[in-house]
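Structure data (mmCIF, N, CA and C atoms) from input31.cif:
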```cif
data_start
#
loop_
_atom_site.group_PDB
_atom_site.id
_atom_site.type_symbol
_atom_site.label_atom_id
_atom_site.label_comp_id
_atom_site.auth_asym_id
_atom_site.auth_seq_id
_atom_site.Cartn_x
_atom_site.Cartn_y
_atom_site.Cartn_z
ATOM 1 N N MET B 21 -20.017 -29.042 12.783
ATOM 2 C CA MET B 21 -18.687 -29.192 12.236
ATOM 3 C C MET B 21 -18.027 -27.816 12.139
ATOM 4 N N ALA B 22 -16.770 -27.730 12.493
ATOM 5 C CA ALA B 22 -16.019 -26.469 12.441
ATOM 6 C C ALA B 22 -15.758 -26.065 10.991
ATOM 7 N N VAL B 23 -15.560 -24.777 10.797
ATOM 8 C CA VAL B 23 -15.147 -24.242 9.502
ATOM 9 C C VAL B 23 -13.742 -23.682 9.669
ATOM 10 N N ALA B 24 -12.997 -23.647 8.574
ATOM 11 C CA ALA B 24 -11.602 -23.229 8.672
ATOM 12 C C ALA B 24 -11.168 -22.490 7.415
ATOM 13 N N ALA B 25 -10.083 -21.725 7.570
ATOM 14 C CA ALA B 25 -9.524 -20.998 6.433
ATOM 15 C C ALA B 25 -8.030 -20.790 6.648
ATOM 16 N N TYR B 26 -7.321 -20.698 5.536
ATOM 17 C CA TYR B 26 -5.924 -20.281 5.542
ATOM 18 C C TYR B 26 -5.908 -18.836 5.063
ATOM 19 N N LEU B 27 -5.127 -18.002 5.726
ATOM 20 C CA LEU B 27 -4.981 -16.621 5.290
ATOM 21 C C LEU B 27 -3.551 -16.401 4.827
ATOM 22 N N LEU B 28 -3.421 -15.878 3.622
ATOM 23 C CA LEU B 28 -2.131 -15.502 3.061
ATOM 24 C C LEU B 28 -2.021 -13.997 3.280
ATOM 25 N N ILE B 29 -1.028 -13.593 4.036
ATOM 26 C CA ILE B 29 -0.974 -12.225 4.527
ATOM 27 C C ILE B 29 0.287 -11.507 4.051
ATOM 28 N N ASN B 30 0.106 -10.275 3.571
ATOM 29 C CA ASN B 30 1.227 -9.394 3.272
ATOM 30 C C ASN B 30 1.304 -8.362 4.384
ATOM 31 N N THR B 31 2.536 -8.059 4.802
ATOM 32 C CA THR B 31 2.741 -7.111 5.895
ATOM 33 C C THR B 31 3.554 -5.924 5.415
ATOM 34 N N GLU B 32 3.565 -4.905 6.236
ATOM 35 C CA GLU B 32 4.480 -3.796 5.991
ATOM 36 C C GLU B 32 5.896 -4.321 6.203
ATOM 37 N N THR B 33 6.859 -3.748 5.535
ATOM 38 C CA THR B 33 8.241 -4.200 5.630
ATOM 39 C C THR B 33 8.718 -4.229 7.074
ATOM 40 N N GLY B 34 9.258 -5.385 7.464
ATOM 41 C CA GLY B 34 9.812 -5.547 8.796
ATOM 42 C C GLY B 34 8.803 -5.851 9.892
ATOM 43 N N LYS B 35 7.520 -5.985 9.552
ATOM 44 C CA LYS B 35 6.474 -6.210 10.554
ATOM 45 C C LYS B 35 6.049 -7.679 10.674
ATOM 46 N N GLU B 36 6.694 -8.566 9.943
ATOM 47 C CA GLU B 36 6.275 -9.961 9.916
ATOM 48 C C GLU B 36 6.209 -10.591 11.305
ATOM 49 N N GLY B 37 7.264 -10.429 12.078
ATOM 50 C CA GLY B 37 7.321 -11.014 13.413
ATOM 51 C C GLY B 37 6.263 -10.460 14.341
ATOM 52 N N ASP B 38 6.042 -9.145 14.282
ATOM 53 C CA ASP B 38 5.018 -8.511 15.113
ATOM 54 C C ASP B 38 3.627 -9.015 14.742
ATOM 55 N N VAL B 39 3.381 -9.192 13.454
ATOM 56 C CA VAL B 39 2.088 -9.674 12.988
ATOM 57 C C VAL B 39 1.853 -11.102 13.477
ATOM 58 N N VAL B 40 2.840 -11.963 13.340
ATOM 59 C CA VAL B 40 2.699 -13.353 13.793
ATOM 60 C C VAL B 40 2.429 -13.395 15.297
ATOM 61 N N GLU B 41 3.152 -12.602 16.056
ATOM 62 C CA GLU B 41 2.942 -12.542 17.505
ATOM 63 C C GLU B 41 1.507 -12.152 17.836
ATOM 64 N N ALA B 42 0.994 -11.129 17.158
ATOM 65 C CA ALA B 42 -0.372 -10.667 17.400
ATOM 66 C C ALA B 42 -1.398 -11.709 16.980
ATOM 67 N N LEU B 43 -1.164 -12.361 15.840
ATOM 68 C CA LEU B 43 -2.104 -13.372 15.352
ATOM 69 C C LEU B 43 -2.218 -14.538 16.327
ATOM 70 N N ARG B 44 -1.108 -14.967 16.885
ATOM 71 C CA ARG B 44 -1.113 -16.120 17.799
ATOM 72 C C ARG B 44 -1.904 -15.849 19.075
ATOM 73 N N LYS B 45 -2.211 -14.594 19.370
ATOM 74 C CA LYS B 45 -2.994 -14.238 20.555
ATOM 75 C C LYS B 45 -4.498 -14.210 20.277
ATOM 76 N N ILE B 46 -4.895 -14.322 19.013
ATOM 77 C CA ILE B 46 -6.306 -14.241 18.640
ATOM 78 C C ILE B 46 -6.944 -15.621 18.769
ATOM 79 N N GLU B 47 -8.062 -15.682 19.505
ATOM 80 C CA GLU B 47 -8.777 -16.941 19.658
ATOM 81 C C GLU B 47 -9.273 -17.417 18.292
ATOM 82 N N GLY B 48 -9.012 -18.662 17.979
ATOM 83 C CA GLY B 48 -9.390 -19.230 16.690
ATOM 84 C C GLY B 48 -8.206 -19.406 15.757
ATOM 85 N N VAL B 49 -7.161 -18.616 15.945
ATOM 86 C CA VAL B 49 -5.948 -18.783 15.136
ATOM 87 C C VAL B 49 -5.174 -19.963 15.700
ATOM 88 N N LYS B 50 -5.067 -21.016 14.916
ATOM 89 C CA LYS B 50 -4.409 -22.246 15.362
ATOM 90 C C LYS B 50 -2.921 -22.248 15.042
ATOM 91 N N HIS B 51 -2.553 -21.633 13.919
ATOM 92 C CA HIS B 51 -1.148 -21.565 13.505
ATOM 93 C C HIS B 51 -0.912 -20.239 12.793
ATOM 94 N N ALA B 52 0.267 -19.674 12.976
ATOM 95 C CA ALA B 52 0.681 -18.473 12.249
ATOM 96 C C ALA B 52 2.192 -18.540 12.087
ATOM 97 N N HIS B 53 2.658 -18.363 10.852
ATOM 98 C CA HIS B 53 4.084 -18.505 10.566
ATOM 99 C C HIS B 53 4.546 -17.478 9.535
ATOM 100 N N VAL B 54 5.753 -16.971 9.711
ATOM 101 C CA VAL B 54 6.410 -16.180 8.676
ATOM 102 C C VAL B 54 6.852 -17.160 7.593
ATOM 103 N N VAL B 55 6.608 -16.807 6.333
ATOM 104 C CA VAL B 55 6.959 -17.673 5.209
ATOM 105 C C VAL B 55 7.692 -16.875 4.139
ATOM 106 N N THR B 56 8.275 -17.591 3.194
ATOM 107 C CA THR B 56 8.919 -16.935 2.062
ATOM 108 C C THR B 56 8.007 -17.054 0.846
ATOM 109 N N GLY B 57 8.223 -16.216 -0.131
ATOM 110 C CA GLY B 57 7.424 -16.275 -1.349
ATOM 111 C C GLY B 57 6.614 -15.007 -1.545
ATOM 112 N N LEU B 58 5.455 -15.141 -2.192
ATOM 113 C CA LEU B 58 4.617 -13.985 -2.507
ATOM 114 C C LEU B 58 3.996 -13.343 -1.275
ATOM 115 N N HIS B 59 3.833 -14.118 -0.208
ATOM 116 C CA HIS B 59 3.205 -13.612 1.005
ATOM 117 C C HIS B 59 4.212 -13.677 2.148
ATOM 118 N N ASP B 60 3.957 -12.913 3.188
ATOM 119 C CA ASP B 60 4.888 -12.823 4.309
ATOM 120 C C ASP B 60 4.512 -13.732 5.476
ATOM 121 N N VAL B 61 3.210 -13.959 5.647
ATOM 122 C CA VAL B 61 2.710 -14.741 6.776
ATOM 123 C C VAL B 61 1.577 -15.625 6.282
ATOM 124 N N VAL B 62 1.500 -16.840 6.821
ATOM 125 C CA VAL B 62 0.358 -17.719 6.589
ATOM 126 C C VAL B 62 -0.210 -18.082 7.946
ATOM 127 N N CYS B 63 -1.540 -17.997 8.075
ATOM 128 C CA CYS B 63 -2.149 -18.455 9.318
ATOM 129 C C CYS B 63 -3.357 -19.324 9.012
ATOM 130 N N TYR B 64 -3.667 -20.214 9.962
ATOM 131 C CA TYR B 64 -4.784 -21.143 9.858
ATOM 132 C C TYR B 64 -5.752 -20.807 10.975
ATOM 133 N N VAL B 65 -7.023 -20.636 10.616
ATOM 134 C CA VAL B 65 -8.045 -20.204 11.564
ATOM 135 C C VAL B 65 -9.209 -21.187 11.552
ATOM 136 N N GLU B 66 -9.730 -21.510 12.739
ATOM 137 C CA GLU B 66 -10.908 -22.364 12.860
ATOM 138 C C GLU B 66 -11.958 -21.667 13.713
ATOM 139 N N ALA B 67 -13.232 -21.938 13.403
ATOM 140 C CA ALA B 67 -14.344 -21.416 14.196
ATOM 141 C C ALA B 67 -15.508 -22.400 14.088
ATOM 142 N N PRO B 68 -16.437 -22.339 15.046
ATOM 143 C CA PRO B 68 -17.564 -23.269 15.023
ATOM 144 C C PRO B 68 -18.509 -23.056 13.839
ATOM 145 N N GLU B 69 -18.702 -21.806 13.453
ATOM 146 C CA GLU B 69 -19.649 -21.467 12.381
ATOM 147 C C GLU B 69 -19.013 -20.448 11.432
ATOM 148 N N LEU B 70 -19.567 -20.370 10.226
ATOM 149 C CA LEU B 70 -19.054 -19.423 9.229
ATOM 150 C C LEU B 70 -19.147 -17.980 9.720
ATOM 151 N N THR B 71 -20.218 -17.630 10.413
ATOM 152 C CA THR B 71 -20.346 -16.258 10.914
ATOM 153 C C THR B 71 -19.262 -15.941 11.941
ATOM 154 N N ASP B 72 -18.876 -16.924 12.754
ATOM 155 C CA ASP B 72 -17.795 -16.731 13.728
ATOM 156 C C ASP B 72 -16.461 -16.544 13.006
ATOM 157 N N LEU B 73 -16.236 -17.340 11.973
ATOM 158 C CA LEU B 73 -15.001 -17.241 11.201
ATOM 159 C C LEU B 73 -14.899 -15.872 10.538
ATOM 160 N N LYS B 74 -16.023 -15.414 9.998
ATOM 161 C CA LYS B 74 -16.055 -14.093 9.357
ATOM 162 C C LYS B 74 -15.678 -12.998 10.352
ATOM 163 N N LYS B 75 -16.213 -13.061 11.554
ATOM 164 C CA LYS B 75 -15.894 -12.053 12.578
ATOM 165 C C LYS B 75 -14.417 -12.073 12.940
ATOM 166 N N ILE B 76 -13.856 -13.270 13.089
ATOM 167 C CA ILE B 76 -12.428 -13.377 13.431
ATOM 168 C C ILE B 76 -11.581 -12.739 12.339
ATOM 169 N N ILE B 77 -11.886 -13.069 11.095
ATOM 170 C CA ILE B 77 -11.084 -12.567 9.974
ATOM 171 C C ILE B 77 -11.243 -11.059 9.803
ATOM 172 N N ILE B 78 -12.476 -10.600 9.738
ATOM 173 C CA ILE B 78 -12.721 -9.183 9.426
ATOM 174 C C ILE B 78 -12.446 -8.275 10.619
ATOM 175 N N GLU B 79 -12.925 -8.655 11.789
ATOM 176 C CA GLU B 79 -12.824 -7.757 12.942
ATOM 177 C C GLU B 79 -11.512 -7.868 13.704
ATOM 178 N N LYS B 80 -10.905 -9.037 13.701
ATOM 179 C CA LYS B 80 -9.698 -9.215 14.504
ATOM 180 C C LYS B 80 -8.437 -9.288 13.647
ATOM 181 N N ILE B 81 -8.369 -10.241 12.740
ATOM 182 C CA ILE B 81 -7.145 -10.442 11.969
ATOM 183 C C ILE B 81 -6.837 -9.237 11.085
ATOM 184 N N ARG B 82 -7.822 -8.771 10.334
ATOM 185 C CA ARG B 82 -7.557 -7.657 9.416
ATOM 186 C C ARG B 82 -7.271 -6.352 10.146
ATOM 187 N N GLY B 83 -7.542 -6.313 11.443
ATOM 188 C CA GLY B 83 -7.250 -5.130 12.236
ATOM 189 C C GLY B 83 -5.875 -5.126 12.870
ATOM 190 N N VAL B 84 -5.119 -6.211 12.664
ATOM 191 C CA VAL B 84 -3.783 -6.301 13.265
ATOM 192 C C VAL B 84 -2.869 -5.259 12.624
ATOM 193 N N ASN B 85 -2.188 -4.503 13.455
ATOM 194 C CA ASN B 85 -1.253 -3.482 12.990
ATOM 195 C C ASN B 85 -0.123 -4.133 12.191
ATOM 196 N N GLY B 86 0.134 -3.619 11.017
ATOM 197 C CA GLY B 86 1.218 -4.132 10.181
ATOM 198 C C GLY B 86 0.740 -4.966 9.006
ATOM 199 N N ILE B 87 -0.528 -5.393 9.018
ATOM 200 C CA ILE B 87 -1.072 -6.150 7.886
ATOM 201 C C ILE B 87 -1.502 -5.172 6.807
ATOM 202 N N SER B 88 -1.040 -5.420 5.584
ATOM 203 C CA SER B 88 -1.412 -4.542 4.482
ATOM 204 C C SER B 88 -2.403 -5.200 3.522
ATOM 205 N N ARG B 89 -2.422 -6.557 3.479
ATOM 206 C CA ARG B 89 -3.315 -7.250 2.547
ATOM 207 C C ARG B 89 -3.504 -8.681 3.002
ATOM 208 N N THR B 90 -4.714 -9.211 2.805
ATOM 209 C CA THR B 90 -4.965 -10.620 3.112
ATOM 210 C C THR B 90 -5.664 -11.290 1.946
ATOM 211 N N VAL B 91 -5.408 -12.579 1.793
ATOM 212 C CA VAL B 91 -6.129 -13.433 0.850
ATOM 213 C C VAL B 91 -6.642 -14.597 1.675
ATOM 214 N N THR B 92 -7.958 -14.815 1.646
ATOM 215 C CA THR B 92 -8.559 -15.870 2.449
ATOM 216 C C THR B 92 -8.886 -17.067 1.571
ATOM 217 N N CYS B 93 -8.422 -18.246 2.001
ATOM 218 C CA CYS B 93 -8.668 -19.501 1.291
ATOM 219 C C CYS B 93 -9.443 -20.414 2.237
ATOM 220 N N PHE B 94 -10.746 -20.560 2.017
ATOM 221 C CA PHE B 94 -11.552 -21.405 2.875
ATOM 222 C C PHE B 94 -11.209 -22.872 2.647
ATOM 223 N N ALA B 95 -11.021 -23.608 3.727
ATOM 224 C CA ALA B 95 -10.753 -25.037 3.633
ATOM 225 C C ALA B 95 -12.076 -25.737 3.345
ATOM 226 N N VAL B 96 -12.109 -26.570 2.332
ATOM 227 C CA VAL B 96 -13.353 -27.249 1.979
ATOM 228 C C VAL B 96 -13.313 -28.737 2.299
ATOM 229 N N ASP B 97 -12.157 -29.247 2.701
ATOM 230 C CA ASP B 97 -12.049 -30.658 3.038
ATOM 231 C C ASP B 97 -10.887 -30.840 3.999
ATOM 232 N N TRP B 98 -11.161 -31.425 5.173
ATOM 233 C CA TRP B 98 -10.094 -31.742 6.131
ATOM 234 C C TRP B 98 -10.459 -32.889 6.996
#
```

When written as structure tokens, how does the structure in this file appear?
Amino acid sequence: MAVAAYLLINTETGKEGDVVEALRKIEGVKHAHVVTGLHDVVCYVEAPELTDLKKIIIEKIRGVNGISRTVTCFAVDW
């Protein structure tokens, strides 16, 4: 069974669009959108195993230029 998470992302000012563009190119990122509110971007990520999800989040997503902070919310039921 796949594992999934929503990431609530804060970006540097004016970098929201660039961040979403970069996120949509990462394998495992199913959705990425600029949003209003406390966070600038929300993305949904899926992977076959928890270790794969961890690698996507830590090594790929958190390395995207323009991201200043992330909050990861693991999906526990879908």

- Item | Among listed residues B:Val40, B:Thr71, B:Lys45, B:Asn30, nearest His59 (chain B) (using all atoms listed in the file) |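 Once distances to His59 (chain B) are computed over all atoms listed in the file, the minimum belongs to B:Asn30.
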
- Task: Can you work out the spacing between atom C of Cys93 (chain B) and atom C of Thr33 (chain B) in Å, to one decimal?
- Result: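 Separation between atom C of Cys93 (chain B) and atom C of Thr33 (chain B): 24.8 Å.
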
- Query: Which residues, written as a list in words, have at least one atom at most 6.5 Å from region 75-86 of chain B, with all atoms listed in the file counted and residues fewer than 4 positions away on the same chain left out?
  - Reply: Asn30, Thr31, Glu32, Lys35, Val39, Leu70 and Thr71 of chain B

Export N, CA and C atoms of the chosen residues as a PDB file, keeping the file's coordinate frame?
```pdb
ATOM      1  N   ASN B  30       0.106 -10.275   3.571  1.00  0.00           N
ATOM      2  CA  ASN B  30       1.227  -9.394   3.272  1.00  0.00           C
ATOM      3  C   ASN B  30       1.304  -8.362   4.384  1.00  0.00           C
ATOM      4  N   THR B  31       2.536  -8.059   4.802  1.00  0.00           N
ATOM      5  CA  THR B  31       2.741  -7.111   5.895  1.00  0.00           C
ATOM      6  C   THR B  31       3.554  -5.924   5.415  1.00  0.00           C
ATOM      7  N   GLU B  32       3.565  -4.905   6.236  1.00  0.00           N
ATOM      8  CA  GLU B  32       4.480  -3.796   5.991  1.00  0.00           C
ATOM      9  C   GLU B  32       5.896  -4.321   6.203  1.00  0.00           C
ATOM     10  N   LYS B  35       7.520  -5.985   9.552  1.00  0.00           N
ATOM     11  CA  LYS B  35       6.474  -6.210  10.554  1.00  0.00           C
ATOM     12  C   LYS B  35       6.049  -7.679  10.674  1.00  0.00           C
ATOM     13  N   VAL B  39       3.381  -9.192  13.454  1.00  0.00           N
ATOM     14  CA  VAL B  39       2.088  -9.674  12.988  1.00  0.00           C
ATOM     15  C   VAL B  39       1.853 -11.102  13.477  1.00  0.00           C
ATOM     16  N   LEU B  70     -19.567 -20.370  10.226  1.00  0.00           N
ATOM     17  CA  LEU B  70     -19.054 -19.423   9.229  1.00  0.00           C
ATOM     18  C   LEU B  70     -19.147 -17.980   9.720  1.00  0.00           C
ATOM     19  N   THR B  71     -20.218 -17.630  10.413  1.00  0.00           N
ATOM     20  CA  THR B  71     -20.346 -16.258  10.914  1.00  0.00           C
ATOM     21  C   THR B  71     -19.262 -15.941  11.941  1.00  0.00           C
TER      22      THR B  71
END
```

- Give me, please, the distance in Å between CA of Gly48 (chain B) and CA of Tyr64 (chain B), quoted to one decimal.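 Interatomic distance here is 8.5 Å.
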
- Excluding Ala22 (chain B) and any residue of its chain fewer than 3 positions from it, enumerate the residues within 7 Å of it, using all atoms listed in the file, and give them as a count of residues only. 5

- Nearest to Thr92 (chain B) by atom-to-atom distance, counting only C-alpha atoms, from B:Asp72, B:Asp38, B:Val65, B:Leu58: B:Val65

- Test item: which residues lie within 9 Å of (1.7, -10.9, 2.6) counting only C-alpha atoms, as a list in words: Leu28, Ile29, Asn30, Thr31, Glu32, Glu36, Val55, Gly57, Leu58, His59, Asp60, Val61, Val62, Ile87, Ser88, Arg89, Thr90 and Val91 of chain B

- Message: Just the number, please: distance in Å from CA of Lys74 (chain B) to CA of Gly34 (chain B), one decimal.
- Response: 27.2 Å

- Could you please write out, as number ranges by chain, every residue of chain B that DSSP assigns to helix (DSSP H, G or I)? B: 36-43, 70-83

Written selection (N, CA and C atoms) as a CSV table (one decimal), keeping the file's coordinate frame:
```
chain,number,residue,atom,x,y,z
B,36,GLU,N,6.7,-8.6,9.9
B,36,GLU,CA,6.3,-10.0,9.9
B,36,GLU,C,6.2,-10.6,11.3
B,37,GLY,N,7.3,-10.4,12.1
B,37,GLY,CA,7.3,-11.0,13.4
B,37,GLY,C,6.3,-10.5,14.3
B,38,ASP,N,6.0,-9.1,14.3
B,38,ASP,CA,5.0,-8.5,15.1
B,38,ASP,C,3.6,-9.0,14.7
B,39,VAL,N,3.4,-9.2,13.5
B,39,VAL,CA,2.1,-9.7,13.0
B,39,VAL,C,1.9,-11.1,13.5
B,40,VAL,N,2.8,-12.0,13.3
B,40,VAL,CA,2.7,-13.4,13.8
B,40,VAL,C,2.4,-13.4,15.3
B,41,GLU,N,3.2,-12.6,16.1
B,41,GLU,CA,2.9,-12.5,17.5
B,41,GLU,C,1.5,-12.2,17.8
B,42,ALA,N,1.0,-11.1,17.2
B,42,ALA,CA,-0.4,-10.7,17.4
B,42,ALA,C,-1.4,-11.7,17.0
B,43,LEU,N,-1.2,-12.4,15.8
B,43,LEU,CA,-2.1,-13.4,15.4
B,43,LEU,C,-2.2,-14.5,16.3
B,70,LEU,N,-19.6,-20.4,10.2
B,70,LEU,CA,-19.1,-19.4,9.2
B,70,LEU,C,-19.1,-18.0,9.7
B,71,THR,N,-20.2,-17.6,10.4
B,71,THR,CA,-20.3,-16.3,10.9
B,71,THR,C,-19.3,-15.9,11.9
B,72,ASP,N,-18.9,-16.9,12.8
B,72,ASP,CA,-17.8,-16.7,13.7
B,72,ASP,C,-16.5,-16.5,13.0
B,73,LEU,N,-16.2,-17.3,12.0
B,73,LEU,CA,-15.0,-17.2,11.2
B,73,LEU,C,-14.9,-15.9,10.5
B,74,LYS,N,-16.0,-15.4,10.0
B,74,LYS,CA,-16.1,-14.1,9.4
B,74,LYS,C,-15.7,-13.0,10.4
B,75,LYS,N,-16.2,-13.1,11.6
B,75,LYS,CA,-15.9,-12.1,12.6
B,75,LYS,C,-14.4,-12.1,12.9
B,76,ILE,N,-13.9,-13.3,13.1
B,76,ILE,CA,-12.4,-13.4,13.4
B,76,ILE,C,-11.6,-12.7,12.3
B,77,ILE,N,-11.9,-13.1,11.1
B,77,ILE,CA,-11.1,-12.6,10.0
B,77,ILE,C,-11.2,-11.1,9.8
B,78,ILE,N,-12.5,-10.6,9.7
B,78,ILE,CA,-12.7,-9.2,9.4
B,78,ILE,C,-12.4,-8.3,10.6
B,79,GLU,N,-12.9,-8.7,11.8
B,79,GLU,CA,-12.8,-7.8,12.9
B,79,GLU,C,-11.5,-7.9,13.7
B,80,LYS,N,-10.9,-9.0,13.7
B,80,LYS,CA,-9.7,-9.2,14.5
B,80,LYS,C,-8.4,-9.3,13.6
B,81,ILE,N,-8.4,-10.2,12.7
B,81,ILE,CA,-7.1,-10.4,12.0
B,81,ILE,C,-6.8,-9.2,11.1
B,82,ARG,N,-7.8,-8.8,10.3
B,82,ARG,CA,-7.6,-7.7,9.4
B,82,ARG,C,-7.3,-6.4,10.1
B,83,GLY,N,-7.5,-6.3,11.4
B,83,GLY,CA,-7.2,-5.1,12.2
B,83,GLY,C,-5.9,-5.1,12.9
```

- Task: Would you mind writing down, as a PyMOL selection string, each residue of chain B that DSSP on the backbone assigns to strand (DSSP E or B)?
- Result: chain B and resi 23-31+49-54+61-67+87-94

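With only C-alpha atoms as the atoms that count, the residue of B:Leu73, B:Met21, B:Thr56, B:Cys63 with the shortest distance to Ala42 (chain B) is B:Cys63.
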
Extending 4 Å beyond the listed atoms of region 59-71 of chain B on each side, what axis-aligned box results? I want centre and edge lengths in Å to one decimal, as JSON.
```
{"center_x": -7.7, "center_y": -18.0, "center_z": 7.4, "size_x": 33.2, "size_y": 18.4, "size_z": 23.3}
```
